[in-house]
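> What follows is a single structure, and I will ask about it in a moment.
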There are 4 protein chains.
Amino acid sequence: MAFRSGQHFVQIPGPTNIPERVLRAMDRQIVDHRGPDFARLTLEVLPAMRELVRTERSHVVIYPSSGTGAWEAAMVNLFSPGDAVLLAETGWFSTLWGELAGKLGIAVELARGDWRTGADPDAIGERLAADRAHRIKAVMVVHNETSTGVASRIADVRKAIERANHPALLLVDTVSSLASMDYRHDEWGVDVMVTGSQKGLMLPPGIGFNVVSPKALEASKNAKLPRAYFDWAPIVAANAAGFFPYTPPTNLMFGLREALQMLLREEGLDAVFARHARHGEATRAAVRGWGLEILARDAREYSNTLTAIIVPEGVDSDKVRATILERFDMSLGVGLGKLKGRVFRIGHLGSFNDLMLAGTLCGVQMGLRLSGVDIGDGVGAALDFLCAPAERSQLTPAFA
Amino acid sequence: MAFRSGQHFVQIPGPTNIPERVLRAMDRQIVDHRGPDFARLTLEVLPAMRELVRTERSHVVIYPSSGTGAWEAAMVNLFSPGDAVLLAETGWFSTLWGELAGKLGIAVELARGDWRTGADPDAIGERLAADRAHRIKAVMVVHNETSTGVASRIADVRKAIERANHPALLLVDTVSSLASMDYRHDEWGVDVMVTGSQKGLMLPPGIGFNVVSPKALEASKNAKLPRAYFDWAPIVAANAAGFFPYTPPTNLMFGLREALQMLLREEGLDAVFARHARHGEATRAAVRGWGLEILARDAREYSNTLTAIIVPEGVDSDKVRATILERFDMSLGVGLGKLKGRVFRIGHLGSFNDLMLAGTLCGVQMGLRLSGVDIGDGVGAALDFLCAPAERSQLTPAFA
Amino acid sequence: MAFRSGQHFVQIPGPTNIPERVLRAMDRQIVDHRGPDFARLTLEVLPAMRELVRTERSHVVIYPSSGTGAWEAAMVNLFSPGDAVLLAETGWFSTLWGELAGKLGIAVELARGDWRTGADPDAIGERLAADRAHRIKAVMVVHNETSTGVASRIADVRKAIERANHPALLLVDTVSSLASMDYRHDEWGVDVMVTGSQKGLMLPPGIGFNVVSPKALEASKNAKLPRAYFDWAPIVAANAAGFFPYTPPTNLMFGLREALQMLLREEGLDAVFARHARHGEATRAAVRGWGLEILARDAREYSNTLTAIIVPEGVDSDKVRATILERFDMSLGVGLGKLKGRVFRIGHLGSFNDLMLAGTLCGVQMGLRLSGVDIGDGVGAALDFLCAPAERSQLTPAFA
Amino acid sequence: MAFRSGQHFVQIPGPTNIPERVLRAMDRQIVDHRGPDFARLTLEVLPAMRELVRTERSHVVIYPSSGTGAWEAAMVNLFSPGDAVLLAETGWFSTLWGELAGKLGIAVELARGDWRTGADPDAIGERLAADRAHRIKAVMVVHNETSTGVASRIADVRKAIERANHPALLLVDTVSSLASMDYRHDEWGVDVMVTGSQKGLMLPPGIGFNVVSPKALEASKNAKLPRAYFDWAPIVAANAAGFFPYTPPTNLMFGLREALQMLLREEGLDAVFARHARHGEATRAAVRGWGLEILARDAREYSNTLTAIIVPEGVDSDKVRATILERFDMSLGVGLGKLKGRVFRIGHLGSFNDLMLAGTLCGVQMGLRLSGVDIGDGVGAALDFLCAPAERSQLTPAFA
């Protein structure tokens, strides 16, 4: 590749920019993962993760895996062959999760969606109400659909389950929302949450997480899908003393400790969420300034971690992305599945700030113009928002 | 913990010391794992891995997982519920692999062993010859049993299978031998090899590997165990263009490239194996000098990556280890399973040299004396070996 | 300090952003600076430095020092107490250099300037022509005055000296131009060039350089100022074998090797200069867009590494800078000396690219607005320039 | 060079092994050295340095320089051309310091020594008593002569000056003792202490220090040697607000903060000194075990940071060193000046521990044997010492 001066802009919606401090925390000699020092690290990290997801009674399971592995973990621990689940179709990643479940022998029923709106709590409630036999074992929702930039209202989904008086478990994927947008494991009644290390947690990929409620742990005792590597029970048992039944991703865990220190103790979760809301709003201001369309239809469902933007008819979003990569050394998110060529996605999450966002938006604006798209001055609109008085610029959508 | 000056000695049999260069190669900003630069990295690393394992026709599969995950991957891709396998019982890790297979619904038959010798090719051959119905789908062997320091003769196992004229697949775990002791995937007729990143490859834990022969890939098409995350087929397909169906462990892969550069292009595999043989022999010289017993009974089966040492009756090897950790800041391997308290293990693999070994052996000698064990001068014996003329000190056991 | 998310923007005119690769090259264990490996490093770095400064016959001297130390080195090696020099007054740093010379006992005569234009070759030529007795031993010029963003025409100064038929040595400071703007040591007839590691060379501060022509080396033999640490002769002698008469800055030298590899072998000097010219021009387009005044008066003397911008009457540039640091986490250069409060300086040199510049200019634009300065859309003007067709955007000022 | 596996052993008497934590603290993006964050760093580091050298009233001056630069700094700040100083000749480095002073125009009188003993307080006292005219402006002593492994008794030198009732300043070089052996700036009445970053402070080379008493600062006002870069006055003035009159070595200062944290707050100075005393004694036990001679004659003057060992007649110590480097990848200190070929030096200072020392001594023992030197088992003697009960092994020489 041709030499590139300066910092590459990685503005895909994850993996995200890794803070220097987190990189340095991982850049260290190996430790004995069966020794006392490492046990102390585990016993420091697990409670901090619980604090991050706002649970008091659930267990945080750390897998050496990608997020996909953590998806599978939730499945094999909870279900038996042929079990039915109701999956909210919100976009590409919800679809992939469903396909994975299907490959494992689970009967996946889709609550259909248009990929521009989030999970519909009412539709889910109705379907559950109709399921008198309680054949549906779980409702599966992606909190923040990374392929569309649409967030789903998890608390409302739980309420719909309750109104239907249905015993279904609630499974939530927060891969691209955790540590960036508010997530309340206990309050929202989530049974299993699935996430990964490489987005809001500002780490490289390599850790998959399950956050497992007591109810889910109980349910797993009767699940019949074969499982071994991902089996919660031996992990929960070994974790009590700070150990793992497999070789844990030791260096990543040092990074995780540092990231949690930054999120929980230094910036503080409320400030983290406000920052993401602010950058989400600034990005949307830019899109409006360009005169383009945000893929998400409902302002209440805007993602604060990424924005998917529809390119005008006749424009190929992949060509725009290629131009931006070639001319400005910035990576943007591709349109996935049926959105291929129709949208591109800007990630604005993780270790990020106003000027990184400004540089990002400038790159998009120039790239669109170089691609012959007739647009307005989105950068100007974003800058207006970013230098508005604090009260306004801190505005957060109704939920986030 | 109390402050510790200087370098901690991690002389467990893996994870191993990570070279500075490999740490630095991983200490870098994130990249877009769907972009062209990362694809190039993948297409550089996979052939180098093939070269390392000496295969021309097998596929190397990279999982974000521990070695345990890679064990599971081999199982779910190859077998159907109730399939029988023959597992050579060589120690703790072979036992764990068998338990994992059992949890997944596979019928595991043990070729019993005493944990002091390697897999017995003759016994395996006899068992297969008796299996006229070809119920046994695979033979599973741990190349280098990390719990005992005993290496098994894989080539001889393959010959025994052939002599029995049995179609069983051959599955081999090289977690603690790969890139340290000779391994010949094609020549030895291995169908699936399982390994991890954290030992001879000198990386942190976080990558599990499968090396899959065409025959194994073919067999996987009829395997009925549910699989998704670990499914070879979509990975092999995506790898063709340099991509993965999950988020790959990007930073580890930069480290892997650097480690392969060192192993294949700079030190050279033959020199790597000779170095490990030399350090194995020096360690055994020390054990003899101490007047202690090496767990491995048969000199042809000595591991060159670790040595398990039996402590005298009345001595608790865990206390010796604790003393050494406390007084000399060195971690040694614990006695696992039925060996608990009876042995300790010295790792002498990975990024290692004569003086690191000398320091290690001095720490063991002092720790044994501080523990009241009456021993001779093992260090002196090892130093005599290490400064002997080159021809002698390069002596390698009959196989390795 | 309050927690700051994301990357701090260091847009002072040096020290500059350090590329990851350069940081990693320095992040390594110590070496024996009297051993053969380090000697090889020295013998690799010195010729590459000569190539960078375009000299074939001069010696590059590496000091563990700041640029100030390298200024002093040039003085004590060349002069005797009471020697006269002619210094072009171009701004704060030229003044400091003169003060340093004065403290060492040298008689410094100023070729007066207004801090908005470069050294005046004609005035220098006239003064030298008037110096019939050849009392003036040297002409001292700062190539790129970091306090003003004005570049001086060194080749023209040399021609003026020649026209005056005067034997004065030519001493040039390239602290903020080297490896960013064209510099030709031999062709321009420079006798001693003084620079540092922390700007175009993309390293942390810690190395001061002298590039010493044979004529200067000869002149140093008769110089009577006391000197020891900075004495060229023993350094030149020791360098022949790759060593130093003092403990060299070993880790910085590994970084220097990497930086030279990037500049000379990967990006290429012409591309480096064109990139800086492009970013200089884009920045000036922004200033014009804002309706503000560039401190440099003469377009032929625009610096391509930094731009000093005059704030309107009634505005305190330090308050603007403080607002930008507080709100947008970006450091800009202060107005120095008589420019305090009147200008701020944007550094656009070193490891840098279009989007880093765009983010920088957005931060300045927002900061100016938040400070109540009534400005136009400089960002828009810069983006127009940056996405113009390649021929136009590569335009370089008449000299650079 | 041929590929080398594992960790290179740098057992020269400095630069020393840099702890991972210190390397990581320096491996970070540049900061604005004129900004508030950096000022805070300065104002944290300077008091910690004062604590380290046990002064309450002296100023610590940080130079971007080697130790040689700091030597020169002490000279040019204190003296006028022709001033006389009395220098204790203790070895190669004392001689170099004297030569440097001579080059600067200072009249250096040697208190002659045999390079096997430290400065002789009585001889110094007698010379000063004879100097009725108080022509001698200062006494210069190297605390721990790095070329010989002999420590001088600074407190006794100060007492001798007092007994002679002489106003001479006391200048001490602690380059290879600071932060490893006890040093008490105020209590011992030292006026200027000179040191560097690359030994007990566990940093790369690049910082030279002066610790300047109020009396020395006062004396500097009348000193007439030309000075600018090294001038204390503007540095002391700028430091008050956390700044420097030159570009400071910013990245090294982050490392310095980390090193001071480890030395002062985590290990604690007393433990640091006891550790070095223990390793010094263990090394000397090895030398006795080998049947070789320690260069230092007087047990009260043993250095705890390095040991110089005399090789038998007919043996070339440089060949022994070359053999050890070639065969065991360990760098040892060369015999300097008149000791060339006669001694080699083992550094046992900085970030170091028992097993690193054990590995070092094993390498020396093997290298000596490979060189044909007939020696006993020094390693065994050292191990006996290192695993002796704690009371004995903590024994410190009479002074240290």
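If you're wondering about the labels, chains in the structure tokens are A, B, ... by order shown, residues count from 1 in each chain, ligands from 1 in order shown.
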Taking only C-alpha atoms into account, report as a PyMOL selection string which residues of chain A lie within 6 Å of chain B.

chain A and resi 23+27+64-66+69+100+103-104+205-206+226-229+247+249

> Do you know which residues are at most 12 Å from A:Val364 counting only C-alpha atoms, after dropping those on the same chain fewer than 6 positions away, and could you put them as an NGL selection string?

(:A and (9 or 11 or 283 or 286-287 or 290 or 309 or 311 or 317 or 320-325 or 327-333 or 344-347 or 357-358 or 370-371 or 373 or 375 or 377-379)) or (:C and (354-355 or 358 or 383 or 387))

> Assign secondary structure with DSSP using the backbone only, and return the residues of stretch 228-355 of chain C in helix (DSSP H, G or I) as a VMD selection string.

chain C and resid 232 to 239 250 to 267 269 to 290 299 to 301 317 to 328 337 to 339 354 to 355

> Env of C:His166: 10 Å cut, atoms = only C-alpha atoms, seq-sep filter 2 positions within chain, self excluded. Answer as a list in words.

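Residues meeting the cut-off are Gly125, Leu128, Ala129, Ala130, Asp131, Arg132, Ala133, His134, Ile136, Lys137, Ala138, Ala160, Ile161, Glu162, Arg163, Ala164, Ala168 and Leu169 of chain C.
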
> Can you tell me, as a VMD selection string, which residues in stretch 39-249 of chain D count as strand (DSSP E or B) by DSSP?

chain D and resid 59 to 64 84 to 88 107 to 111 136 to 142 144 to 145 150 to 151 169 to 173 192 to 196 207 to 212

> Work out how far atom CA of A:Tyr183 is from atom CA of A:Ala259, in Å to one decimal.

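So the answer is 17.1 Å.
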